[in-house]
>>> print(open('start35.csv').read())   # CSV, N, CA, C and O atoms
chain,number,residue,atom,x,y,z
A,226,MET,N,-1.7,-5.4,-11.2
A,226,MET,CA,-3.1,-5.0,-10.9
A,226,MET,C,-3.3,-4.7,-9.4
A,226,MET,O,-4.0,-3.7,-9.1
A,227,ILE,N,-2.8,-5.6,-8.6
A,227,ILE,CA,-3.0,-5.3,-7.1
A,227,ILE,C,-2.3,-4.1,-6.7
A,227,ILE,O,-2.8,-3.4,-5.7
A,228,GLU,N,-1.2,-3.7,-7.3
A,228,GLU,CA,-0.5,-2.5,-6.9
A,228,GLU,C,-1.3,-1.3,-7.3
A,228,GLU,O,-1.2,-0.3,-6.5
A,229,ILE,N,-2.0,-1.3,-8.4
A,229,ILE,CA,-2.8,-0.1,-8.7
A,229,ILE,C,-4.0,0.0,-7.7
A,229,ILE,O,-4.3,1.1,-7.3
A,230,LEU,N,-4.6,-1.1,-7.3
A,230,LEU,CA,-5.6,-1.0,-6.3
A,230,LEU,C,-5.1,-0.5,-5.0
A,230,LEU,O,-5.7,0.3,-4.4
A,231,TYR,N,-3.9,-1.0,-4.6
A,231,TYR,CA,-3.3,-0.5,-3.4
A,231,TYR,C,-3.0,1.0,-3.5
A,231,TYR,O,-3.2,1.7,-2.5
A,232,ALA,N,-2.5,1.4,-4.6
A,232,ALA,CA,-2.2,2.9,-4.7
A,232,ALA,C,-3.5,3.7,-4.6
A,232,ALA,O,-3.5,4.7,-3.9
A,233,TYR,N,-4.5,3.3,-5.3
A,233,TYR,CA,-5.8,4.1,-5.2
A,233,TYR,C,-6.4,4.0,-3.8
A,233,TYR,O,-6.9,5.0,-3.2
A,234,ALA,N,-6.3,2.9,-3.1
A,234,ALA,CA,-6.8,2.7,-1.8
A,234,ALA,C,-6.0,3.6,-0.8
A,234,ALA,O,-6.6,4.2,0.1
A,235,SER,N,-4.7,3.6,-1.0
A,235,SER,CA,-3.9,4.5,-0.1
A,235,SER,C,-4.2,5.9,-0.3
A,235,SER,O,-4.2,6.7,0.7
A,236,LEU,N,-4.3,6.4,-1.5
A,236,LEU,CA,-4.7,7.8,-1.8
A,236,LEU,C,-6.0,8.1,-1.2
A,236,LEU,O,-6.1,9.2,-0.5
A,237,LEU,N,-7.0,7.3,-1.4
A,237,LEU,CA,-8.3,7.6,-0.8
A,237,LEU,C,-8.3,7.5,0.7
A,237,LEU,O,-9.0,8.3,1.4
A,238,PHE,N,-7.5,6.7,1.3
A,238,PHE,CA,-7.4,6.6,2.7
A,238,PHE,C,-6.8,7.9,3.3
A,238,PHE,O,-7.3,8.4,4.3
A,239,VAL,N,-5.8,8.4,2.6
A,239,VAL,CA,-5.2,9.7,3.1
A,239,VAL,C,-6.1,10.8,3.0
A,239,VAL,O,-6.3,11.7,3.9
A,240,VAL,N,-6.8,10.9,1.9
A,240,VAL,CA,-7.8,12.0,1.7
A,240,VAL,C,-8.9,12.0,2.6
A,240,VAL,O,-9.3,13.0,3.3
A,241,THR,N,-9.5,10.8,2.9
A,241,THR,CA,-10.6,10.7,3.8
A,241,THR,C,-10.1,10.9,5.2
A,241,THR,O,-10.9,11.4,6.0
A,242,LEU,N,-8.9,10.4,5.6
A,242,LEU,CA,-8.4,10.7,6.9
A,242,LEU,C,-8.2,12.2,7.1
A,242,LEU,O,-8.5,12.7,8.2
A,243,PHE,N,-7.8,12.9,6.1
A,243,PHE,CA,-7.6,14.3,6.2
A,243,PHE,C,-9.0,15.0,6.5
A,243,PHE,O,-9.1,15.9,7.3
A,244,VAL,N,-10.0,14.5,5.8
A,244,VAL,CA,-11.4,15.1,6.0
A,244,VAL,C,-11.8,14.8,7.4
A,244,VAL,O,-12.4,15.7,8.1
A,245,ILE,N,-11.6,13.6,7.9
A,245,ILE,CA,-12.0,13.2,9.2
A,245,ILE,C,-11.3,14.0,10.3
A,245,ILE,O,-11.9,14.6,11.2
A,246,ILE,N,-10.0,14.2,10.1
A,246,ILE,CA,-9.2,14.9,11.1
A,246,ILE,C,-9.6,16.4,11.1
A,246,ILE,O,-9.6,17.1,12.1
A,247,ARG,N,-9.8,16.9,9.9
A,247,ARG,CA,-10.2,18.4,9.8
A,247,ARG,C,-11.6,18.6,10.5
A,247,ARG,O,-11.7,19.6,11.2
A,248,GLN,N,-12.5,17.7,10.3
A,248,GLN,CA,-13.8,17.9,11.0
A,248,GLN,C,-13.7,17.7,12.5
A,248,GLN,O,-14.3,18.5,13.3
A,249,VAL,N,-12.9,16.8,12.9
A,249,VAL,CA,-12.7,16.6,14.4
A,249,VAL,C,-12.0,17.8,15.0
A,249,VAL,O,-12.3,18.2,16.1
A,250,ARG,N,-11.0,18.4,14.3
A,250,ARG,CA,-10.3,19.6,14.8
A,250,ARG,C,-11.2,20.7,14.9
A,250,ARG,O,-11.1,21.5,15.9
A,251,MET,N,-12.2,20.9,14.1
A,251,MET,CA,-13.1,22.0,14.2
A,251,MET,C,-14.1,21.8,15.4
A,251,MET,O,-14.4,22.8,16.0
A,252,LYS,N,-14.4,20.6,15.7
A,252,LYS,CA,-15.3,20.4,16.8
A,252,LYS,C,-14.6,20.2,18.2
A,252,LYS,O,-15.0,20.7,19.2
A,253,ASN,N,-13.5,19.4,18.2
A,253,ASN,CA,-12.8,19.1,19.4
A,253,ASN,C,-11.3,19.2,19.2
A,253,ASN,O,-10.7,18.2,18.8
A,254,VAL,N,-10.7,20.3,19.4
A,254,VAL,CA,-9.3,20.6,19.1
A,254,VAL,C,-8.4,19.8,20.0
A,254,VAL,O,-7.3,19.4,19.5
A,255,GLU,N,-8.8,19.4,21.1
A,255,GLU,CA,-7.9,18.7,22.1
A,255,GLU,C,-7.6,17.3,21.6
A,255,GLU,O,-6.5,16.8,21.9
A,256,VAL,N,-8.4,16.7,20.8
A,256,VAL,CA,-8.1,15.3,20.3
A,256,VAL,C,-7.0,15.4,19.3
A,256,VAL,O,-6.1,14.6,19.3
A,257,VAL,N,-7.0,16.5,18.5
A,257,VAL,CA,-5.9,16.6,17.5
A,257,VAL,C,-4.6,17.1,18.1
A,257,VAL,O,-3.5,16.7,17.8
A,258,LYS,N,-4.7,18.0,19.1
A,258,LYS,CA,-3.5,18.5,19.7
A,258,LYS,C,-2.8,17.5,20.5
A,258,LYS,O,-1.6,17.5,20.6
A,259,SER,N,-3.5,16.5,21.0
A,259,SER,CA,-2.9,15.4,21.8
A,259,SER,C,-2.1,14.5,20.9
A,259,SER,O,-1.3,13.7,21.4
A,260,ALA,N,-2.3,14.5,19.6
A,260,ALA,CA,-1.6,13.6,18.7
A,260,ALA,C,-0.2,13.9,18.5
A,260,ALA,O,0.7,13.0,18.4
A,261,LEU,N,0.2,15.2,18.5
A,261,LEU,CA,1.6,15.6,18.3
A,261,LEU,C,2.0,16.4,19.5
A,261,LEU,O,1.9,17.6,19.6
A,262,LYS,N,2.7,15.7,20.4
A,262,LYS,CA,3.2,16.4,21.6
A,262,LYS,C,4.5,17.1,21.2
A,262,LYS,O,4.8,18.1,21.7
A,263,ASN,N,5.4,16.4,20.5
A,263,ASN,CA,6.7,16.9,20.1
A,263,ASN,C,6.8,16.9,18.6
A,263,ASN,O,6.9,15.8,18.0
A,264,PRO,N,6.7,18.0,17.9
A,264,PRO,CA,6.7,18.1,16.4
A,264,PRO,C,8.1,17.7,15.8
A,264,PRO,O,8.1,17.3,14.7
A,265,LEU,N,9.2,17.7,16.6
A,265,LEU,CA,10.4,17.3,16.1
A,265,LEU,C,10.6,15.8,16.1
A,265,LEU,O,11.3,15.2,15.2
A,266,TRP,N,9.9,15.1,16.9
A,266,TRP,CA,9.9,13.6,17.0
A,266,TRP,C,8.4,13.1,17.1
A,266,TRP,O,8.0,12.8,18.2
A,267,PRO,N,7.7,13.2,16.0
A,267,PRO,CA,6.3,12.8,16.2
A,267,PRO,C,6.1,11.3,16.4
A,267,PRO,O,6.5,10.5,15.7
A,268,ARG,N,5.4,11.1,17.5
A,268,ARG,CA,5.0,9.7,17.9
A,268,ARG,C,3.5,9.7,18.1
A,268,ARG,O,3.1,10.0,19.3
A,269,THR,N,2.7,9.4,17.1
A,269,THR,CA,1.3,9.5,17.3
A,269,THR,C,0.8,8.1,17.8
A,269,THR,O,1.2,7.1,17.3
A,270,LYS,N,0.1,8.2,18.9
A,270,LYS,CA,-0.5,6.9,19.5
A,270,LYS,C,-1.6,6.4,18.6
A,270,LYS,O,-2.3,7.2,18.0
A,271,ILE,N,-1.8,5.1,18.6
A,271,ILE,CA,-2.9,4.5,17.9
A,271,ILE,C,-4.2,4.9,18.4
A,271,ILE,O,-5.2,5.0,17.7
A,272,SER,N,-4.3,5.2,19.7
A,272,SER,CA,-5.5,5.7,20.3
A,272,SER,C,-6.0,7.0,19.7
A,272,SER,O,-7.2,7.3,19.8
A,273,PHE,N,-5.2,7.7,19.1
A,273,PHE,CA,-5.6,9.0,18.4
A,273,PHE,C,-6.6,8.7,17.3
A,273,PHE,O,-7.6,9.4,17.2
A,274,PHE,N,-6.3,7.7,16.5
A,274,PHE,CA,-7.2,7.3,15.4
A,274,PHE,C,-8.5,6.8,15.9
A,274,PHE,O,-9.6,7.2,15.4
A,275,ILE,N,-8.5,6.1,17.0
A,275,ILE,CA,-9.8,5.6,17.6
A,275,ILE,C,-10.6,6.8,18.1
A,275,ILE,O,-11.8,6.9,17.9
A,276,ASP,N,-9.9,7.7,18.8
A,276,ASP,CA,-10.6,8.9,19.3
A,276,ASP,C,-11.1,9.8,18.2
A,276,ASP,O,-12.2,10.3,18.3
A,277,ALA,N,-10.3,9.9,17.1
A,277,ALA,CA,-10.7,10.7,16.0
A,277,ALA,C,-12.0,10.1,15.3
A,277,ALA,O,-12.9,10.8,14.9
A,278,TYR,N,-11.9,8.8,15.1
A,278,TYR,CA,-13.1,8.1,14.5
A,278,TYR,C,-14.3,8.2,15.4
A,278,TYR,O,-15.4,8.5,14.9
A,279,ARG,N,-14.1,8.1,16.7
A,279,ARG,CA,-15.3,8.2,17.6
A,279,ARG,C,-15.8,9.6,17.6
A,279,ARG,O,-17.1,9.7,17.5
A,280,THR,N,-15.0,10.6,17.6
A,280,THR,CA,-15.5,12.0,17.6
A,280,THR,C,-16.2,12.3,16.3
A,280,THR,O,-17.2,12.9,16.3
A,281,TYR,N,-15.6,11.8,15.2
A,281,TYR,CA,-16.2,12.0,13.9
A,281,TYR,C,-17.6,11.3,13.8
A,281,TYR,O,-18.5,11.9,13.2
A,282,TYR,N,-17.6,10.2,14.3
A,282,TYR,CA,-18.9,9.4,14.3
A,282,TYR,C,-20.0,10.2,15.2
A,282,TYR,O,-21.1,10.2,14.8
A,283,GLU,N,-19.6,10.8,16.3
A,283,GLU,CA,-20.5,11.6,17.1
A,283,GLU,C,-20.9,12.8,16.3
A,283,GLU,O,-22.1,13.3,16.5
A,284,ILE,N,-20.0,13.4,15.5
A,284,ILE,CA,-20.4,14.6,14.8
A,284,ILE,C,-21.3,14.3,13.6
A,284,ILE,O,-22.3,14.9,13.4
A,285,LYS,N,-20.8,13.4,12.8
A,285,LYS,CA,-21.5,13.2,11.5
A,285,LYS,C,-22.3,11.9,11.4
A,285,LYS,O,-23.1,11.8,10.5
A,286,GLY,N,-22.1,11.0,12.3
A,286,GLY,CA,-22.8,9.7,12.2
A,286,GLY,C,-22.0,8.8,11.2
A,286,GLY,O,-20.9,9.1,10.8
A,287,LEU,N,-22.7,7.7,10.8
A,287,LEU,CA,-22.0,6.8,9.9
A,287,LEU,C,-22.3,7.2,8.5
A,287,LEU,O,-23.3,6.9,7.9
A,288,ASN,N,-21.4,7.9,7.9
A,288,ASN,CA,-21.6,8.4,6.6
A,288,ASN,C,-20.6,7.8,5.6
A,288,ASN,O,-19.7,7.0,6.0
A,289,PHE,N,-20.6,8.3,4.4
A,289,PHE,CA,-19.8,7.7,3.3
A,289,PHE,C,-18.3,7.9,3.6
A,289,PHE,O,-17.5,7.0,3.2
A,290,VAL,N,-17.8,9.0,4.2
A,290,VAL,CA,-16.4,9.2,4.4
A,290,VAL,C,-15.8,8.2,5.3
A,290,VAL,O,-14.7,7.7,5.0
A,291,ILE,N,-16.4,8.0,6.4
A,291,ILE,CA,-15.9,7.0,7.4
A,291,ILE,C,-15.9,5.6,6.9
A,291,ILE,O,-15.0,4.8,7.1
A,292,ILE,N,-17.0,5.2,6.2
A,292,ILE,CA,-17.0,3.9,5.6
A,292,ILE,C,-16.0,3.7,4.5
A,292,ILE,O,-15.3,2.7,4.5
A,293,LEU,N,-15.8,4.7,3.7
A,293,LEU,CA,-14.7,4.7,2.6
A,293,LEU,C,-13.3,4.6,3.3
A,293,LEU,O,-12.5,3.9,2.8
A,294,ASN,N,-13.1,5.3,4.3
A,294,ASN,CA,-11.8,5.3,5.0
A,294,ASN,C,-11.5,4.0,5.6
A,294,ASN,O,-10.4,3.4,5.4
A,295,ILE,N,-12.4,3.4,6.2
A,295,ILE,CA,-12.2,2.0,6.8
A,295,ILE,C,-12.1,1.0,5.7
A,295,ILE,O,-11.2,0.1,5.8
A,296,PHE,N,-12.9,1.1,4.7
A,296,PHE,CA,-12.7,0.2,3.5
A,296,PHE,C,-11.4,0.3,2.9
A,296,PHE,O,-10.7,-0.7,2.6
A,297,CYS,N,-10.9,1.5,2.6
A,297,CYS,CA,-9.6,1.7,2.0
A,297,CYS,C,-8.5,1.2,2.9
A,297,CYS,O,-7.5,0.6,2.4
A,298,PHE,N,-8.6,1.3,4.2
A,298,PHE,CA,-7.6,0.8,5.2
A,298,PHE,C,-7.5,-0.7,5.0
A,298,PHE,O,-6.5,-1.3,5.0
A,299,VAL,N,-8.7,-1.4,5.0
A,299,VAL,CA,-8.7,-2.8,4.9
A,299,VAL,C,-8.1,-3.3,3.6
A,299,VAL,O,-7.3,-4.2,3.6
A,300,VAL,N,-8.5,-2.7,2.5
A,300,VAL,CA,-8.0,-3.0,1.2
A,300,VAL,C,-6.5,-2.8,1.1
A,300,VAL,O,-5.7,-3.6,0.6
A,301,GLY,N,-6.0,-1.7,1.7
A,301,GLY,CA,-4.6,-1.4,1.8
A,301,GLY,C,-3.8,-2.5,2.6
A,301,GLY,O,-2.7,-3.0,2.1
A,302,ILE,N,-4.3,-2.9,3.7
A,302,ILE,CA,-3.7,-3.9,4.5
A,302,ILE,C,-3.6,-5.3,3.8
A,302,ILE,O,-2.6,-6.0,3.8
A,303,ILE,N,-4.8,-5.6,3.2
A,303,ILE,CA,-4.8,-6.9,2.5
A,303,ILE,C,-3.8,-6.9,1.3
A,303,ILE,O,-3.1,-7.9,1.1
A,304,SER,N,-3.8,-5.9,0.5
A,304,SER,CA,-2.9,-5.8,-0.7
A,304,SER,C,-1.5,-5.7,-0.2
A,304,SER,O,-0.6,-6.2,-0.9
A,305,LEU,N,-1.2,-5.0,0.9
A,305,LEU,CA,0.2,-5.0,1.4
A,305,LEU,C,0.6,-6.4,1.8
A,305,LEU,O,1.8,-6.8,1.5
A,306,THR,N,-0.3,-7.1,2.4
A,306,THR,CA,0.1,-8.5,2.8
A,306,THR,C,0.3,-9.4,1.6
A,306,THR,O,1.2,-10.2,1.6
A,307,ILE,N,-0.5,-9.2,0.6
A,307,ILE,CA,-0.4,-10.0,-0.7
A,307,ILE,C,1.0,-9.7,-1.3
A,307,ILE,O,1.7,-10.5,-1.8
A,308,ASN,N,1.3,-8.4,-1.4
A,308,ASN,CA,2.6,-8.0,-2.0
A,308,ASN,C,3.7,-8.5,-1.2
A,308,ASN,O,4.8,-8.9,-1.8
A,309,PHE,N,3.6,-8.5,0.1
A,309,PHE,CA,4.7,-9.0,0.9
A,309,PHE,C,4.9,-10.5,0.8
A,309,PHE,O,6.1,-10.9,0.6
A,310,THR,N,3.8,-11.2,0.7
A,310,THR,CA,4.0,-12.7,0.5
A,310,THR,C,4.5,-13.0,-0.9
A,310,THR,O,5.3,-13.9,-1.0
A,311,GLN,N,4.1,-12.3,-1.9
A,311,GLN,CA,4.6,-12.5,-3.2
A,311,GLN,C,6.1,-12.2,-3.3
A,311,GLN,O,6.8,-12.9,-4.0
A,312,ALA,N,6.5,-11.1,-2.6
A,312,ALA,CA,8.0,-10.8,-2.6
A,312,ALA,C,8.8,-11.9,-1.9
A,312,ALA,O,9.9,-12.2,-2.4
A,313,ILE,N,8.3,-12.4,-0.8
A,313,ILE,CA,9.0,-13.5,-0.1
A,313,ILE,C,9.0,-14.7,-1.0
A,313,ILE,O,10.1,-15.4,-1.1
A,314,ARG,N,7.9,-15.0,-1.6
A,314,ARG,CA,7.8,-16.2,-2.4
A,314,ARG,C,8.7,-16.1,-3.6
A,314,ARG,O,9.4,-17.1,-4.0
A,315,SER,N,8.8,-15.0,-4.3
A,315,SER,CA,9.7,-14.8,-5.4
A,315,SER,C,11.2,-14.9,-5.0
A,315,SER,O,12.0,-15.3,-5.8
A,316,ASN,N,11.5,-14.5,-3.8
A,316,ASN,CA,12.9,-14.5,-3.4
A,316,ASN,C,13.3,-15.9,-3.0
A,316,ASN,O,14.5,-16.3,-3.0
A,317,LEU,N,12.4,-16.7,-2.5
A,317,LEU,CA,12.7,-18.1,-2.1
A,317,LEU,C,12.8,-19.0,-3.3
A,317,LEU,O,13.5,-20.1,-3.2
A,318,MET,N,12.2,-18.7,-4.4
A,318,MET,CA,12.3,-19.6,-5.6
A,318,MET,C,13.5,-19.3,-6.5
A,318,MET,O,14.1,-18.5,-6.6
>>> encode(input="start35.csv", output="structure tokens")
Amino acid sequence: MIEILYAYASLLFVVTLFVIIRQVRMKNVEVVKSALKNPLWPRTKISFFIDAYRTYYEIKGLNFVIILNIFCFVVGIISLTINFTQAIRSNLM
């Protein structure tokens, strides 16, 4: 059951993140360009996501997309932690 929830949350997170990044790219292209300096070895800084969220919030305000994105991220992290602890627990017994 938790795996299905995690799968849907991950899918929704990716879709809403795509919408956020697309809107940010239309308004402020420099935020998105700074994310990938070297396309052969992509190392995206965590500050990119904070800047993208901040820019999207300035553009659209607090709407359903950003709330759903943050909610799906939290659900994904919680269910990933639960799956990880269950895997460790099953290997120890």
>>> atom_distance(input="start35.csv", atom1="CA of Phe296 (chain A)", atom2="CA of Met226 (chain A)")
18.1 Å
>>> residues_near_point(input="start35.csv", point="(-17.6, 15.0, 13.9)", cutoff="6 Å", atoms="all atoms listed in the file", output="list in words")
Gln248, Val249, Thr280, Tyr281, Tyr282, Glu283, Ile284 and Lys285 of chain A
>>> residues_near_point(input="start35.csv", point="(-17.5, 8.5, 3.9)", cutoff="12 Å", atoms="only C-alpha atoms", output="PyMOL selection string")
chain A and resi 237-238+240-245+278+281-282+285-297
>>> closest_residue(input="start35.csv", among="A:Ile246, A:Phe309, A:Ser315, A:Gly301", to="Phe274 (chain A)", atoms="only C-alpha atoms")
A:Ile246
>>> atom_distance(input="start35.csv", atom1="CA of Ala234 (chain A)", atom2="atom C of Leu305 (chain A)")
12.3 Å
>>> atom_distance(input="start35.csv", atom1="atom O of Val300 (chain A)", atom2="atom O of Met318 (chain A)")
25.8 Å
>>> select_by_dssp(input="start35.csv", residues="chain A", states="alpha helix (DSSP H)", output="number ranges by chain")
A: 227-252, 254-258, 271-285, 289-317
>>> residues_around(input="start35.csv", residues="Phe273 (chain A)", least_positions_apart="3", cutoff="8 Å", atoms="only N, CA, C and O atoms", output="PyMOL selection string")
chain A and resi 256-257+259-260+269-270+276-280
>>> residues_around(input="start35.csv", residues="Ile227 (chain A)", least_positions_apart="3", cutoff="7 Å", atoms="all atoms listed in the file", output="MDAnalysis selection string")
chainID A and resid 230:233 300 304:305
>>> write_last_selection(input="start35.csv", atoms="N, CA, C and O atoms", output="compact mmCIF listing (two decimals), keeping the file's coordinate frame")
# COMPACT_ATOMS: atom_id res chain seq x y z
N LEU A 230 -4.60 -1.10 -7.30
CA LEU A 230 -5.60 -1.00 -6.30
C LEU A 230 -5.10 -0.50 -5.00
O LEU A 230 -5.70 0.30 -4.40
N TYR A 231 -3.90 -1.00 -4.60
CA TYR A 231 -3.30 -0.50 -3.40
C TYR A 231 -3.00 1.00 -3.50
O TYR A 231 -3.20 1.70 -2.50
N ALA A 232 -2.50 1.40 -4.60
CA ALA A 232 -2.20 2.90 -4.70
C ALA A 232 -3.50 3.70 -4.60
O ALA A 232 -3.50 4.70 -3.90
N TYR A 233 -4.50 3.30 -5.30
CA TYR A 233 -5.80 4.10 -5.20
C TYR A 233 -6.40 4.00 -3.80
O TYR A 233 -6.90 5.00 -3.20
N VAL A 300 -8.50 -2.70 2.50
CA VAL A 300 -8.00 -3.00 1.20
C VAL A 300 -6.50 -2.80 1.10
O VAL A 300 -5.70 -3.60 0.60
N SER A 304 -3.80 -5.90 0.50
CA SER A 304 -2.90 -5.80 -0.70
C SER A 304 -1.50 -5.70 -0.20
O SER A 304 -0.60 -6.20 -0.90
N LEU A 305 -1.20 -5.00 0.90
CA LEU A 305 0.20 -5.00 1.40
C LEU A 305 0.60 -6.40 1.80
O LEU A 305 1.80 -6.80 1.50
>>> decode(input="start35.csv", residues="region 241-259 of chain A", atoms="N, CA, C and O atoms", output="mmCIF file, in the first residue's frame")
data_model
loop_
_atom_site.group_PDB
_atom_site.id
_atom_site.type_symbol
_atom_site.label_atom_id
_atom_site.label_comp_id
_atom_site.auth_asym_id
_atom_site.auth_seq_id
_atom_site.Cartn_x
_atom_site.Cartn_y
_atom_site.Cartn_z
ATOM 1 N N THR A 241 4.548 18.308 -11.180
ATOM 2 C CA THR A 241 4.417 19.666 -10.648
ATOM 3 C C THR A 241 5.755 20.401 -10.670
ATOM 4 O O THR A 241 5.778 21.617 -10.884
ATOM 5 N N LEU A 242 6.853 19.689 -10.476
ATOM 6 C CA LEU A 242 8.161 20.334 -10.585
ATOM 7 C C LEU A 242 8.421 20.794 -12.014
ATOM 8 O O LEU A 242 8.974 21.874 -12.232
ATOM 9 N N PHE A 243 7.987 20.005 -12.990
ATOM 10 C CA PHE A 243 8.103 20.412 -14.388
ATOM 11 C C PHE A 243 7.309 21.685 -14.652
ATOM 12 O O PHE A 243 7.792 22.601 -15.330
ATOM 13 N N VAL A 244 6.099 21.762 -14.110
ATOM 14 C CA VAL A 244 5.276 22.960 -14.294
ATOM 15 C C VAL A 244 5.941 24.166 -13.648
ATOM 16 O O VAL A 244 5.982 25.260 -14.237
ATOM 17 N N ILE A 245 6.492 23.986 -12.461
ATOM 18 C CA ILE A 245 7.161 25.079 -11.759
ATOM 19 C C ILE A 245 8.377 25.559 -12.540
ATOM 20 O O ILE A 245 8.558 26.764 -12.761
ATOM 21 N N ILE A 246 9.206 24.632 -12.982
ATOM 22 C CA ILE A 246 10.425 25.009 -13.712
ATOM 23 C C ILE A 246 10.072 25.665 -15.043
ATOM 24 O O ILE A 246 10.724 26.621 -15.466
ATOM 25 N N ARG A 247 9.028 25.189 -15.706
ATOM 26 C CA ARG A 247 8.617 25.791 -16.979
ATOM 27 C C ARG A 247 8.156 27.236 -16.797
ATOM 28 O O ARG A 247 8.513 28.113 -17.578
ATOM 29 N N GLN A 248 7.386 27.478 -15.758
ATOM 30 C CA GLN A 248 6.922 28.838 -15.491
ATOM 31 C C GLN A 248 8.080 29.760 -15.113
ATOM 32 O O GLN A 248 8.133 30.913 -15.531
ATOM 33 N N VAL A 249 9.018 29.240 -14.324
ATOM 34 C CA VAL A 249 10.182 30.032 -13.921
ATOM 35 C C VAL A 249 11.047 30.343 -15.134
ATOM 36 O O VAL A 249 11.569 31.447 -15.268
ATOM 37 N N ARG A 250 11.201 29.378 -16.017
ATOM 38 C CA ARG A 250 12.012 29.594 -17.225
ATOM 39 C C ARG A 250 11.421 30.676 -18.114
ATOM 40 O O ARG A 250 12.150 31.451 -18.727
ATOM 41 N N MET A 251 10.121 30.739 -18.175
ATOM 42 C CA MET A 251 9.488 31.779 -18.995
ATOM 43 C C MET A 251 9.706 33.172 -18.416
ATOM 44 O O MET A 251 9.834 34.136 -19.167
ATOM 45 N N LYS A 252 9.750 33.276 -17.109
ATOM 46 C CA LYS A 252 9.870 34.582 -16.466
ATOM 47 C C LYS A 252 11.327 34.981 -16.224
ATOM 48 O O LYS A 252 11.705 36.112 -16.474
ATOM 49 N N ASN A 253 12.156 34.054 -15.740
ATOM 50 C CA ASN A 253 13.540 34.354 -15.394
ATOM 51 C C ASN A 253 14.420 33.197 -15.839
ATOM 52 O O ASN A 253 14.606 32.232 -15.108
ATOM 53 N N VAL A 254 14.948 33.285 -17.031
ATOM 54 C CA VAL A 254 15.698 32.189 -17.632
ATOM 55 C C VAL A 254 17.029 31.934 -16.921
ATOM 56 O O VAL A 254 17.541 30.828 -16.940
ATOM 57 N N GLU A 255 17.568 32.928 -16.256
ATOM 58 C CA GLU A 255 18.873 32.777 -15.597
ATOM 59 C C GLU A 255 18.828 31.787 -14.430
ATOM 60 O O GLU A 255 19.814 31.127 -14.152
ATOM 61 N N VAL A 256 17.691 31.685 -13.772
ATOM 62 C CA VAL A 256 17.566 30.728 -12.671
ATOM 63 C C VAL A 256 17.714 29.303 -13.197
ATOM 64 O O VAL A 256 18.405 28.479 -12.612
ATOM 65 N N VAL A 257 17.103 29.016 -14.339
ATOM 66 C CA VAL A 257 17.151 27.673 -14.910
ATOM 67 C C VAL A 257 18.497 27.410 -15.566
ATOM 68 O O VAL A 257 19.036 26.317 -15.471
ATOM 69 N N LYS A 258 19.069 28.417 -16.240
ATOM 70 C CA LYS A 258 20.364 28.227 -16.889
ATOM 71 C C LYS A 258 21.470 27.938 -15.884
ATOM 72 O O LYS A 258 22.398 27.196 -16.180
ATOM 73 N N SER A 259 21.369 28.510 -14.699
ATOM 74 C CA SER A 259 22.405 28.299 -13.700
ATOM 75 C C SER A 259 22.368 26.884 -13.121
ATOM 76 O O SER A 259 23.321 26.461 -12.482
#
